[in-house]
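Undergrad: So that you have it, the file is run.txt, and it contains compact mmCIF, C-alpha atoms:
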# COMPACT_ATOMS: atom_id res chain seq x y z
CA MET A 441 102.97 64.42 85.90
CA MET A 442 103.24 64.57 82.09
CA PRO A 443 105.73 67.01 80.51
CA ILE A 444 103.95 70.35 80.39
CA ALA A 445 103.01 72.23 77.24
CA PRO A 446 101.56 75.73 77.09
CA PHE A 447 98.04 75.92 78.50
CA SER A 448 95.14 77.51 76.67
CA ILE A 449 91.70 78.40 78.02
CA ASP A 450 90.41 79.90 74.76
CA THR A 451 89.97 77.89 71.55
CA ARG A 452 90.19 81.12 69.53
CA THR A 453 93.90 81.43 70.35
CA ILE A 454 94.87 77.77 70.81
CA ARG A 455 98.02 76.55 69.06
CA PRO A 456 99.02 73.01 68.03
CA GLY A 457 100.42 71.11 71.00
CA ASP A 458 98.71 73.22 73.66
CA ILE A 459 96.90 71.76 76.66
CA PHE A 460 93.31 72.97 76.58
CA VAL A 461 91.79 73.68 79.99
CA ALA A 462 88.01 73.39 79.71
CA LEU A 463 86.73 76.04 82.12
CA ASP A 464 83.07 76.91 82.52
CA GLY A 465 82.05 80.41 81.50
CA THR A 466 79.02 82.38 82.54
CA LYS A 467 77.02 81.16 79.54
CA GLN A 468 78.72 78.01 78.22
CA LYS A 469 80.39 74.94 79.68
CA GLY A 470 84.03 74.31 78.92
CA TYR A 471 83.55 70.71 77.78
CA ALA A 472 81.47 71.99 74.83
CA PHE A 473 84.69 73.27 73.25
CA LEU A 474 86.72 70.05 73.49
CA ALA A 475 86.11 68.96 69.90
CA GLU A 476 87.10 72.38 68.56
CA ALA A 477 90.23 72.40 70.72
CA PHE A 478 91.37 69.05 69.35
CA GLN A 479 90.55 70.10 65.79
CA LYS A 480 92.90 73.05 66.27
CA GLY A 481 95.70 70.81 67.48
CA ALA A 482 95.39 70.57 71.25
CA ALA A 483 97.48 67.67 72.51
CA LEU A 484 95.50 67.13 75.71
CA ALA A 485 92.62 68.65 77.65
CA LEU A 486 91.75 69.04 81.30
CA CYS A 487 88.04 68.77 82.06
CA ALA A 488 85.90 68.53 85.20
CA SER A 489 85.10 64.93 86.12
CA HIS A 490 81.37 65.55 86.44
CA TYR A 491 81.21 66.18 82.69
CA ARG A 492 82.67 62.78 81.76
CA ASP A 493 79.33 61.44 80.49
CA GLU A 494 78.83 64.57 78.38
CA VAL A 495 82.09 63.97 76.49
CA SER A 496 81.97 61.62 73.51
CA GLU A 497 83.84 58.34 73.77
CA ALA A 498 85.96 59.35 70.78
CA LEU A 499 87.38 62.34 72.68
CA ARG A 500 87.81 60.79 76.13
CA PRO A 501 91.27 59.20 75.53
CA ARG A 502 92.74 62.68 75.09
CA VAL A 503 90.94 64.19 78.08
CA ARG A 504 92.27 64.18 81.64
CA PHE A 505 89.24 64.32 83.94
CA VAL A 506 89.97 66.14 87.20
CA GLY A 507 88.07 67.60 90.13
CA ASP A 508 88.86 71.26 89.36
CA PRO A 509 90.54 72.09 86.01
CA ALA A 510 91.70 75.54 87.16
CA LEU A 511 93.29 74.10 90.31
CA GLU A 512 94.88 71.28 88.31
CA MET A 513 96.34 73.83 85.88
CA ALA A 514 97.80 75.76 88.82
CA ASN A 515 99.29 72.58 90.29
CA TRP A 516 100.86 71.59 87.00
CA ALA A 517 102.27 75.11 86.55
CA SER A 518 103.73 74.99 90.07
CA GLU A 519 105.41 71.66 89.39
CA HIS A 520 106.72 73.00 86.10
CA ARG A 521 108.18 76.08 87.82
CA SER A 522 109.92 73.86 90.42
CA GLN A 523 111.93 72.29 87.59
CA PHE A 524 113.13 75.69 86.34
CA ASN A 525 116.49 76.46 87.95
CA LYS A 526 116.83 80.03 86.69
CA PRO A 527 115.59 83.28 88.23
CA VAL A 528 111.91 84.11 88.50
CA ILE A 529 111.16 87.75 89.30
CA GLY A 530 107.74 88.67 90.68
CA VAL A 531 106.38 92.18 90.10
CA VAL A 532 103.76 93.16 92.70
CA GLY A 533 102.30 96.31 94.25
CA SER A 534 99.33 98.67 93.95
CA VAL A 535 100.32 100.98 91.10
CA GLY A 536 102.71 100.80 88.19
CA LYS A 537 103.17 97.03 87.95
CA THR A 538 102.71 96.76 84.21
CA SER A 539 104.93 99.67 83.19
CA THR A 540 107.62 98.54 85.65
CA LYS A 541 107.45 95.02 84.25
CA GLN A 542 107.73 96.44 80.71
CA PHE A 543 110.81 98.48 81.66
CA LEU A 544 112.46 95.49 83.32
CA ALA A 545 111.74 93.17 80.40
CA TYR A 546 113.11 95.78 77.99
CA LEU A 547 116.37 96.08 79.91
CA LEU A 548 116.99 92.40 80.54
CA SER A 549 116.02 91.38 77.00
CA LYS A 550 119.12 93.21 75.78
CA LYS A 551 121.26 90.38 77.18
CA LYS A 552 118.94 87.51 78.06
CA LYS A 553 116.04 85.47 76.74
CA VAL A 554 113.17 86.63 78.92
CA LEU A 555 109.64 85.35 79.46
CA ALA A 556 107.52 88.29 80.65
CA THR A 557 103.82 88.51 81.45
CA THR A 558 101.73 89.61 78.49
CA GLY A 559 98.41 91.42 78.65
CA ASN A 560 96.57 90.97 81.94
CA LEU A 561 97.74 87.41 82.66
CA ASN A 562 98.60 88.22 86.27
CA ASN A 563 95.85 86.48 88.25
CA GLN A 564 94.82 82.99 89.39
CA LEU A 565 94.25 81.87 85.80
CA GLY A 566 96.73 84.12 84.01
CA LEU A 567 99.79 83.26 86.09
CA PRO A 568 99.62 79.49 85.39
CA LEU A 569 99.10 80.29 81.70
CA MET A 570 102.29 82.37 81.70
CA LEU A 571 104.29 79.82 83.64
CA SER A 572 103.31 77.08 81.20
CA ARG A 573 105.16 79.01 78.48
CA LEU A 574 108.41 78.88 80.43
CA ASN A 575 111.11 76.59 79.05
CA GLN A 576 114.81 75.96 79.53
CA ALA A 577 115.67 78.27 76.63
CA HIS A 578 114.62 81.16 78.84
CA ASP A 579 117.25 82.75 81.07
CA LEU A 580 114.63 84.12 83.47
CA ALA A 581 110.97 84.94 83.91
CA ILE A 582 109.34 88.24 84.89
CA LEU A 583 105.86 87.58 86.24
CA GLU A 584 103.39 90.31 87.09
CA MET A 585 101.24 89.22 90.04
CA GLY A 586 97.98 91.00 90.82
CA ALA A 587 95.73 90.86 93.87
CA ASP A 588 92.54 92.50 95.10
CA HIS A 589 91.90 90.49 98.29
CA VAL A 590 94.08 89.34 101.16
CA GLY A 591 95.21 85.82 100.26
CA ASP A 592 95.25 86.34 96.47
CA LEU A 593 98.98 86.99 96.26
CA ALA A 594 99.78 84.16 98.66
CA ARG A 595 98.15 81.72 96.23
CA LEU A 596 100.15 83.13 93.33
CA VAL A 597 103.35 82.98 95.37
CA ARG A 598 102.80 79.28 96.05
CA ILE A 599 102.60 78.69 92.30
CA ALA A 600 105.45 80.91 91.08
CA GLU A 601 107.84 80.97 94.09
CA PRO A 602 109.80 84.02 92.84
CA ASP A 603 113.49 84.30 93.72
CA LYS A 604 113.39 88.08 93.51
CA ALA A 605 110.53 90.54 93.81
CA LEU A 606 109.90 94.09 92.75
CA LEU A 607 107.33 95.85 94.95
CA THR A 608 105.87 99.02 93.40
CA PRO A 609 104.22 101.66 95.64
CA ILE A 610 101.40 100.47 97.90
CA ALA A 611 98.35 102.72 97.86
CA ALA A 612 94.59 102.87 98.34
CA GLU A 613 93.40 100.56 95.57
CA HIS A 614 90.95 97.64 95.46
CA LEU A 615 89.67 98.70 98.89
CA LEU A 616 86.39 96.95 98.14
CA GLY A 617 88.31 93.67 98.29
CA PHE A 618 91.13 94.48 100.70
CA GLY A 619 88.84 96.34 103.08
CA SER A 620 91.33 99.05 104.04
CA LEU A 621 94.76 100.42 103.26
CA SER A 622 96.10 98.18 106.02
CA GLY A 623 94.59 95.25 104.14
CA VAL A 624 96.41 96.34 100.99
CA TYR A 625 99.73 96.21 102.86
CA ASP A 626 98.83 92.80 104.27
CA GLY A 627 98.00 91.50 100.83
CA GLU A 628 100.98 92.88 98.92
CA LEU A 629 103.50 91.76 101.53
CA GLU A 630 102.39 88.17 101.03
CA ILE A 631 105.19 88.23 98.45
CA LEU A 632 107.54 87.59 101.40
CA GLN A 633 106.03 84.12 101.74
CA SER A 634 107.99 82.82 98.74
CA PRO A 635 110.45 80.25 100.14
CA ARG A 636 112.99 81.15 97.43
CA LEU A 637 112.83 84.93 97.85
CA ASN A 638 116.24 86.48 98.50
CA THR A 639 115.92 90.04 97.13
CA LEU A 640 113.23 92.72 97.33
CA VAL A 641 113.47 95.96 95.34
CA THR A 642 110.96 98.55 96.51
CA VAL A 643 110.37 102.27 97.06
CA SER A 644 111.88 104.49 99.71
CA GLY A 645 109.95 106.98 101.78
CA ASP A 646 107.08 104.75 102.92
CA PRO A 647 107.26 104.57 106.75
CA GLU A 648 104.46 102.00 107.00
CA LEU A 649 106.20 99.71 104.52
CA ASP A 650 109.49 100.10 106.38
CA ARG A 651 107.78 99.28 109.68
CA ARG A 652 106.14 96.18 108.29
CA LEU A 653 109.30 94.95 106.60
CA SER A 654 111.25 95.46 109.81
CA SER A 655 108.74 93.48 111.87
CA SER A 656 108.18 90.75 109.28
CA GLY A 657 111.16 88.66 110.27
CA TRP A 658 112.19 88.37 106.63
CA ARG A 659 115.98 88.50 106.31
CA GLY A 660 116.56 88.89 102.58
CA LYS A 661 118.20 91.78 100.78
CA ILE A 662 116.11 94.96 100.53
CA ILE A 663 116.96 97.71 98.03
CA ARG A 664 115.00 100.95 98.30
CA VAL A 665 114.74 103.28 95.30
CA GLY A 666 113.51 106.87 95.28
CA PHE A 667 114.17 110.58 95.00
CA SER A 668 115.19 110.97 98.65
CA GLU A 669 118.83 110.89 99.74
CA ALA A 670 117.74 108.23 102.24
CA ALA A 671 117.17 105.78 99.38
CA ASP A 672 119.73 103.08 98.65
CA ILE A 673 119.52 104.04 94.97
CA VAL A 674 118.77 107.71 94.43
CA LEU A 675 116.99 109.17 91.41
CA SER A 676 117.73 112.79 90.57
CA GLY A 677 117.52 115.46 87.88
CA LEU A 678 113.94 114.67 86.87
CA ARG A 679 112.67 116.82 84.01
CA THR A 680 110.42 116.59 80.97
CA GLU A 681 111.14 118.14 77.60
CA ASN A 682 109.91 117.67 74.01
CA GLY A 683 107.86 114.58 74.77
CA LYS A 684 110.55 112.87 76.84
CA THR A 685 111.39 112.35 80.51
CA PHE A 686 114.97 112.56 81.78
CA PHE A 687 116.49 111.48 85.09
CA GLU A 688 119.76 110.23 86.54
CA ILE A 689 120.46 107.04 88.47
CA GLN A 690 123.83 105.86 89.79
CA LYS A 691 125.63 108.47 87.63
CA GLN A 692 123.81 107.25 84.53
CA SER A 693 121.48 109.48 82.48
CA VAL A 694 118.26 107.87 81.33
CA MET A 695 115.75 109.13 78.77
CA LEU A 696 112.21 107.71 78.59
CA PRO A 697 110.07 108.18 75.46
CA THR A 698 107.18 109.81 77.36
CA GLU A 699 106.29 112.94 79.30
CA ALA A 700 104.77 110.78 82.05
CA SER A 701 107.30 111.94 84.61
CA PHE A 702 105.88 109.61 87.28
CA LEU A 703 107.23 106.68 85.26
CA ALA A 704 110.77 107.66 86.30
CA LEU A 705 110.24 105.89 89.63
CA ASN A 706 108.98 102.76 87.87
CA ALA A 707 112.00 102.89 85.59
CA GLY A 708 114.30 103.32 88.57
CA LEU A 709 112.84 100.24 90.25
CA ALA A 710 113.30 98.28 87.04
CA ALA A 711 116.88 99.49 86.67
CA ALA A 712 117.76 98.41 90.21
CA MET A 713 116.31 94.96 89.63
CA ALA A 714 118.05 94.65 86.24
CA VAL A 715 121.39 95.23 87.95
CA GLU A 716 120.51 92.62 90.58
CA ALA A 717 119.77 90.25 87.69
CA GLY A 718 123.18 90.74 86.09
CA MET A 719 123.32 94.02 84.18
CA SER A 720 125.85 96.75 84.87
CA TRP A 721 124.91 100.35 85.62
CA ALA A 722 126.75 101.42 82.46
CA GLU A 723 124.32 99.26 80.47
CA ILE A 724 121.35 100.96 82.12
CA GLY A 725 122.02 104.49 80.92
CA GLY A 726 120.94 106.00 77.63
CA GLU A 727 117.78 106.31 75.58
CA TRP A 728 115.25 103.63 76.47
CA GLN A 729 112.81 102.39 73.84
CA PRO A 730 110.47 100.01 75.65
CA GLU A 731 107.05 99.05 74.39
CA MET A 732 104.77 101.31 76.40
CA PRO A 733 101.52 99.75 77.67
CA LYS A 734 98.34 100.89 75.90
CA GLY A 735 96.22 103.39 77.77
CA ARG A 736 98.97 104.42 80.16
CA PHE A 737 99.71 108.10 79.58
CA ALA A 738 99.89 107.58 75.82
CA ILE A 739 100.19 110.98 74.14
CA ARG A 740 99.05 111.80 70.62
CA LYS A 741 97.85 114.74 68.52
CA ILE A 742 94.38 114.83 67.03
CA ALA A 743 92.46 117.41 64.98
CA ARG A 744 92.56 121.16 65.78
CA ASP A 745 96.09 120.87 67.19
CA ILE A 746 94.69 119.18 70.31
CA THR A 747 96.88 116.80 72.33
CA VAL A 748 95.18 113.92 74.12
CA ILE A 749 96.76 111.91 76.92
CA ASP A 750 95.19 108.47 77.10
CA ASP A 751 95.60 107.26 80.67
CA THR A 752 92.39 105.23 80.69
CA TYR A 753 93.76 101.79 81.55
CA ASN A 754 92.99 102.17 85.22
CA SER A 755 92.73 104.66 88.05
CA SER A 756 93.33 105.00 91.76
CA PRO A 757 93.91 108.04 94.00
CA LYS A 758 97.69 107.71 93.82
CA ALA A 759 97.74 107.07 90.07
CA PHE A 760 95.39 110.00 89.43
CA SER A 761 97.56 112.30 91.53
CA ALA A 762 100.68 111.20 89.62
CA ALA A 763 98.97 111.83 86.28
CA LEU A 764 97.93 115.33 87.37
CA GLU A 765 101.47 116.11 88.46
CA ALA A 766 102.81 114.94 85.09
CA LEU A 767 100.22 117.07 83.29
CA SER A 768 101.29 120.10 85.33
CA ARG A 769 104.81 119.79 83.88
CA MET A 770 103.54 119.90 80.30
CA LYS A 771 103.02 123.04 78.22
CA PHE A 772 99.62 123.62 76.62
CA SER A 773 97.52 126.73 76.10
CA GLY A 774 94.75 124.98 78.02
CA LYS A 775 94.99 122.00 80.35
CA ARG A 776 91.83 119.99 80.78
CA ILE A 777 90.84 116.61 82.22
CA VAL A 778 88.07 114.20 81.29
CA PHE A 779 87.55 111.58 83.95
CA SER A 780 85.25 109.09 85.59
CA ASP A 781 84.97 107.06 88.77
CA MET A 782 87.84 105.39 90.57
CA LEU A 783 86.29 101.99 91.28
CA GLU A 784 86.65 99.43 94.07
CA LEU A 785 87.27 101.98 96.82
CA GLY A 786 84.56 100.59 99.09
CA SER A 787 83.49 102.71 102.04
CA GLU A 788 86.33 105.15 101.31
CA SER A 789 85.01 106.07 97.87
CA ALA A 790 83.17 109.27 98.87
CA ARG A 791 86.09 110.64 100.86
CA LEU A 792 88.65 109.80 98.17
CA HIS A 793 86.60 111.34 95.37
CA GLU A 794 86.33 114.57 97.36
CA ALA A 795 90.08 114.45 98.03
CA LEU A 796 90.53 114.04 94.28
CA ALA A 797 88.73 117.36 93.82
CA GLU A 798 91.34 119.05 96.00
CA ASP A 799 94.14 117.52 93.89
CA ILE A 800 92.47 118.78 90.73
CA ALA A 801 92.03 122.30 92.16
CA ARG A 802 95.75 122.44 92.99
CA SER A 803 96.92 120.99 89.67
CA GLY A 804 96.55 124.11 87.53
CA VAL A 805 94.11 122.63 85.01
CA ASN A 806 91.59 124.96 83.40
CA ALA A 807 88.67 122.54 83.15
CA ALA A 808 87.45 119.29 84.70
CA TRP A 809 84.67 117.34 82.98
CA ALA A 810 83.41 114.06 84.40
CA PHE A 811 80.77 111.35 84.26
CA GLY A 812 79.93 108.57 86.69
CA PRO A 813 78.05 108.56 90.03
CA GLU A 814 81.11 108.98 92.25
CA THR A 815 82.65 111.86 90.32
CA ARG A 816 79.48 113.89 90.82
CA ARG A 817 80.70 114.73 94.33
CA THR A 818 84.12 115.64 92.86
CA ILE A 819 82.56 118.18 90.49
CA GLU A 820 80.21 119.49 93.18
CA TRP A 821 83.20 120.15 95.46
CA LEU A 822 85.01 121.97 92.65
CA ASN A 823 81.95 124.10 91.89
CA ARG A 824 81.70 125.08 95.56
CA ASN A 825 85.37 125.77 96.11
CA SER A 826 86.98 126.81 92.84
CA SER A 827 85.93 129.79 90.76
CA VAL A 828 88.81 129.25 88.33
CA LEU A 829 87.90 125.85 86.95
CA ASP A 830 85.23 125.08 84.36
CA SER A 831 83.82 122.05 86.20
CA ARG A 832 80.98 120.04 84.68
CA TRP A 833 79.32 116.71 85.45
CA PHE A 834 77.53 114.59 82.81
CA PRO A 835 75.22 111.62 83.26
CA ASP A 836 77.14 109.41 80.83
CA ALA A 837 80.11 109.21 78.47
CA GLU A 838 78.06 109.98 75.37
CA SER A 839 76.63 113.26 76.67
CA LEU A 840 80.08 114.35 77.84
CA ALA A 841 81.55 113.56 74.42
CA ARG A 842 78.85 115.56 72.61
CA ASP A 843 79.59 118.69 74.63
CA LEU A 844 83.34 118.12 74.61
CA ILE A 845 83.46 118.56 70.85
CA GLN A 846 82.24 122.15 71.37
CA LEU A 847 84.27 122.86 74.51
CA VAL A 848 87.81 121.97 73.42
CA GLN A 849 90.03 124.56 71.80
CA SER A 850 93.09 124.53 69.59
CA GLY A 851 96.26 123.98 71.60
CA ASP A 852 94.52 122.15 74.45
CA GLY A 853 96.08 119.22 76.26
CA ILE A 854 93.41 116.85 77.59
CA LEU A 855 94.05 114.09 80.12
CA PHE A 856 91.60 111.17 79.97
CA LYS A 857 91.53 109.20 83.22
CA GLY A 858 89.31 106.62 84.94
CA SER A 859 89.03 103.04 86.13
CA ARG A 860 88.92 100.33 83.50
CA GLY A 861 85.29 99.49 84.17
CA MET A 862 84.17 103.05 83.38
CA ARG A 863 85.41 102.93 79.76
CA VAL A 864 86.57 106.55 79.61
CA GLU A 865 88.20 105.74 76.28
CA LYS A 866 84.69 105.85 74.78
CA VAL A 867 84.74 109.63 75.19
CA LEU A 868 88.11 109.83 73.48
CA GLU A 869 86.96 107.60 70.62
CA ILE A 870 83.87 109.76 69.99
CA LEU A 871 85.94 112.93 70.18
CA GLU A 872 88.46 111.66 67.63
CA ASP A 873 85.71 110.44 65.34
CA LYS A 874 83.68 113.65 65.35
CA LEU A 875 86.31 116.35 65.75
CA VAL A 876 87.31 118.01 62.49
Would you mind writing the file's structure down as structure tokens?
TA:
Amino acid sequence: MMPIAPFSIDTRTIRPGDIFVALDGTKQKGYAFLAEAFQKGAALALCASHYRDEVSEALRPRVRFVGDPALEMANWASEHRSQFNKPVIGVVGSVGKTSTKQFLAYLLSKKKKVLATTGNLNNQLGLPLMLSRLNQAHDLAILEMGADHVGDLARLVRIAEPDKALLTPIAAEHLLGFGSLSGVYDGELEILQSPRLNTLVTVSGDPELDRRLSSSGWRGKIIRVGFSEAADIVLSGLRTENGKTFFEIQKQSVMLPTEASFLALNAGLAAAMAVEAGMSWAEIGGEWQPEMPKGRFAIRKIARDITVIDDTYNSSPKAFSAALEALSRMKFSGKRIVFSDMLELGSESARLHEALAEDIARSGVNAAWAFGPETRRTIEWLNRNSSVLDSRWFPDAESLARDLIQLVQSGDGILFKGSRGMRVEKVLEILEDKLV
């Protein structure tokens, strides 16, 4: 194998020296971009063998023709990782992976040179791209690893072989792919298949997870973090105040720059892993200033003294419940939510959207406004069972936004929530544009 350079699958972002991987898209073939890739400085390209005759003779000397470019990229990334003799930490789980990864990277970057997953590069293509950026100047790598089917994580584990893993809460998410909550557990616990894995940091208070870990036969170190006294590392003193969240861990006080109180658990998981990776507890305490992921409980003021909470990056029953709990701790003259469907819930979608209605009714919000086919049953349940809430369903984001401009009032706090594919942020964008 040749010495690896960073991979690129997009000529718009390619840098001199990169290896261009010519993947077919839905509309265009990857080989059509070879000339552009080399013009922008690509050192080499991987291309499917059956396109050899389509590639000009002038370009062929710099092209490696292979059976499957994506598989070849994964194999090269795996070989590259095997030559890296420093820690690789995998971040897996159903909810909170990205924020937990951000917290961990923030902490460890205080003392070490860290490679951490950027954007959504956590899948079968993204993980090899991230690994190709790893070099001996790095002290460690933090790799987010996503899955939505049984077997997905196992493939990523074979490529990255993490030494340590951080498992965020497992919950009903991607049920369309996993099939059931049991399937989610099966899929996420494929992290234990890493032959190098020696440490797992995870949550306390999940009996099913404990049962599965106990019966797995895995004999590495397990550290459980949570608010229960049964946890190995206990979080306490959780409170929100003036746009910040406070909690205590191992006699250290931590302040997060957000009122998303549910992020305290993510931060606690990150803190425990940071200590396992060489930090002291004394270095953990204090005011944290991590880069917070976009669309994850991002709070800002807009016109008419209205506060919006942009939590539109994604949604699942557990994440929605956590967002509602965080909203309940905040002080506004009116608490309202704008939301849309939680996607990929398969045959459980109807039941879970009705259960969401019960969460909303208990949350203390004054109004719930939604669009999307699945949330129609949520609003119908609220209209049948709650006389307190102003509950309305709209056929699309645009019609909701038009009415929302008239419905909101000065001093309101509005939570925007929904799965990525529903584009709930469109409502927020229209509201900000039109509200004066």
Undergrad: Taking all atoms listed in the file into account, which of A:Leu678, A:Met732, A:Val528, A:Ala462 comes nearest A:Leu511?
TA: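 Going through A:Leu678, A:Met732, A:Val528, A:Ala462 one by one, the smallest distance to A:Leu511 is for A:Ala462.
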Undergrad: When you count only C-alpha atoms, which of these residues is closest to A:Gly718: A:Leu580, A:Leu474, A:Val694, A:Ala594?
TA: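 Looking only at the distances to A:Gly718, the closest residue turns out to be A:Leu580.
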Undergrad: List as a list in words the protein and nucleic acid residues near A:Ser826, meaning an atom at most 10 Å away when all atoms listed in the file are counted, but skip any in the same chain fewer than 6 places from it.
TA: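 With the cut-off at 10 Å, the set is Ala797, Glu798, Ile800, Ala801, Arg802, Ile819 and Glu820 of chain A.
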Undergrad: When you count all atoms listed in the file, which of these residues is closest to A:Ser522: A:Gln729, A:Ser572, A:Ser693, A:Ser622?
TA: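 Among the listed residues, A:Ser572 lies closest to A:Ser522.
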Undergrad: What is the distance between atom CA of A:Ala710 and atom CA of A:Leu607, in Å to one decimal?
TA: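 The value is 10.2 Å.
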Undergrad: With all atoms listed in the file as the atoms that count, which of A:Phe618, A:Phe779, A:Phe702, A:Trp721 lies nearest to A:Ala759?
TA: A:Phe702
Undergrad: From the list A:Glu731, A:Glu648, A:Glu699, A:Glu723, which residue is nearest A:Leu621 when using all atoms listed in the file?
TA: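 Checking each candidate against A:Leu621, we get A:Glu648 as the closest.
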Undergrad: When you count all atoms listed in the file, which of these residues is closest to A:Asp588: A:Leu616, A:Ile845, A:Ala763, A:Ile444?
TA: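 Checking each candidate against A:Asp588, we get A:Leu616 as the closest.
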Undergrad: At a cut-off of 7 Å from (110.0, 114.6, 81.2) in the coordinates of the file, what residues are picked up using all atoms listed in the file, written as a compact mmCIF listing (two decimals) with C-alpha atoms, in the coordinates of the input?
TA:
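Contents of selection_24.txt, freshly written:
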# COMPACT_ATOMS: atom_id res chain seq x y z
CA LEU A 678 113.94 114.67 86.87
CA ARG A 679 112.67 116.82 84.01
CA THR A 680 110.42 116.59 80.97
CA GLU A 681 111.14 118.14 77.60
CA GLY A 683 107.86 114.58 74.77
CA LYS A 684 110.55 112.87 76.84
CA THR A 685 111.39 112.35 80.51
CA PHE A 686 114.97 112.56 81.78
CA THR A 698 107.18 109.81 77.36
CA GLU A 699 106.29 112.94 79.30
CA ALA A 700 104.77 110.78 82.05
CA SER A 701 107.30 111.94 84.61
Undergrad: List the neighbours of A:Gly481 out to 10 Å using only C-alpha atoms; skip same-chain residues closer than 3 positions along the sequence, and give me the result as a ChimeraX atom specification.
TA: /A:451,454-460,476-478,484
Undergrad: Using all atoms listed in the file, which residues sit within 9 Å of A:Val848 once same-chain residues fewer than 3 positions away are excluded, as JSON, numbers by chain?
TA: {"A": [746, 774, 776, 843, 844, 845, 851, 852, 854]}
Undergrad: Output C-alpha atoms of each residue in that selection to a file, as a JSON list (two decimals), in the frame of the given file.
TA:
[["chain", "number", "residue", "atom", "x", "y", "z"],
["A", 746, "ILE", "CA", 94.69, 119.18, 70.31],
["A", 774, "GLY", "CA", 94.75, 124.98, 78.02],
["A", 776, "ARG", "CA", 91.83, 119.99, 80.78],
["A", 843, "ASP", "CA", 79.59, 118.69, 74.63],
["A", 844, "LEU", "CA", 83.34, 118.12, 74.61],
["A", 845, "ILE", "CA", 83.46, 118.56, 70.85],
["A", 851, "GLY", "CA", 96.26, 123.98, 71.60],
["A", 852, "ASP", "CA", 94.52, 122.15, 74.45],
["A", 854, "ILE", "CA", 93.41, 116.85, 77.59]]
Undergrad: Could you pull the residues within 12 Å of A:Trp516, counting only C-alpha atoms, minus those fewer than 5 positions along the same chain, as a list in words?
TA: Met441, Met442, Pro443, Ile444, Ala445, Pro446, Phe447, Ile459, Val461, Leu486, Pro509, Ala510, Leu511, Arg521, Ser522, Gln523, Leu567, Pro568, Leu569, Leu571, Ser572, Ile599 and Ala600 of chain A
Undergrad: Tell me, as a tab-separated table (two decimals) with C-alpha atoms, in the frame of the given file, which residues lie within 12 Å of A:Phe772, counting all atoms listed in the file; anything in the same chain fewer than 5 positions away does not count.
TA:
chain	number	residue	atom	x	y	z
A	745	ASP	CA	96.09	120.87	67.19
A	746	ILE	CA	94.69	119.18	70.31
A	747	THR	CA	96.88	116.80	72.33
A	748	VAL	CA	95.18	113.92	74.12
A	767	LEU	CA	100.22	117.07	83.29
A	804	GLY	CA	96.55	124.11	87.53
A	805	VAL	CA	94.11	122.63	85.01
A	806	ASN	CA	91.59	124.96	83.40
A	849	GLN	CA	90.03	124.56	71.80
A	850	SER	CA	93.09	124.53	69.59
A	851	GLY	CA	96.26	123.98	71.60
A	852	ASP	CA	94.52	122.15	74.45
A	853	GLY	CA	96.08	119.22	76.26
A	854	ILE	CA	93.41	116.85	77.59
A	855	LEU	CA	94.05	114.09	80.12
Undergrad: How far is it from atom CA of A:Arg502 to atom CA of A:Gln468, in Å with one decimal?
TA: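 Atom CA of A:Gln468 lies 21.0 Å from atom CA of A:Arg502.
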Undergrad: Report, in Å with one decimal, the straight-line distance from atom CA of A:Arg791 to atom CA of A:Leu615.
TA: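 Atom-to-atom, atom CA of A:Arg791 to atom CA of A:Leu615, that is 12.6 Å.
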Undergrad: Identify the residues around (107.1, 106.3, 90.6) within a radius of 8 Å, measuring from only C-alpha atoms in the coordinates stated by the file, and give them as a PyMOL selection string.
TA: chain A and resi 536+608-609+666+702-707
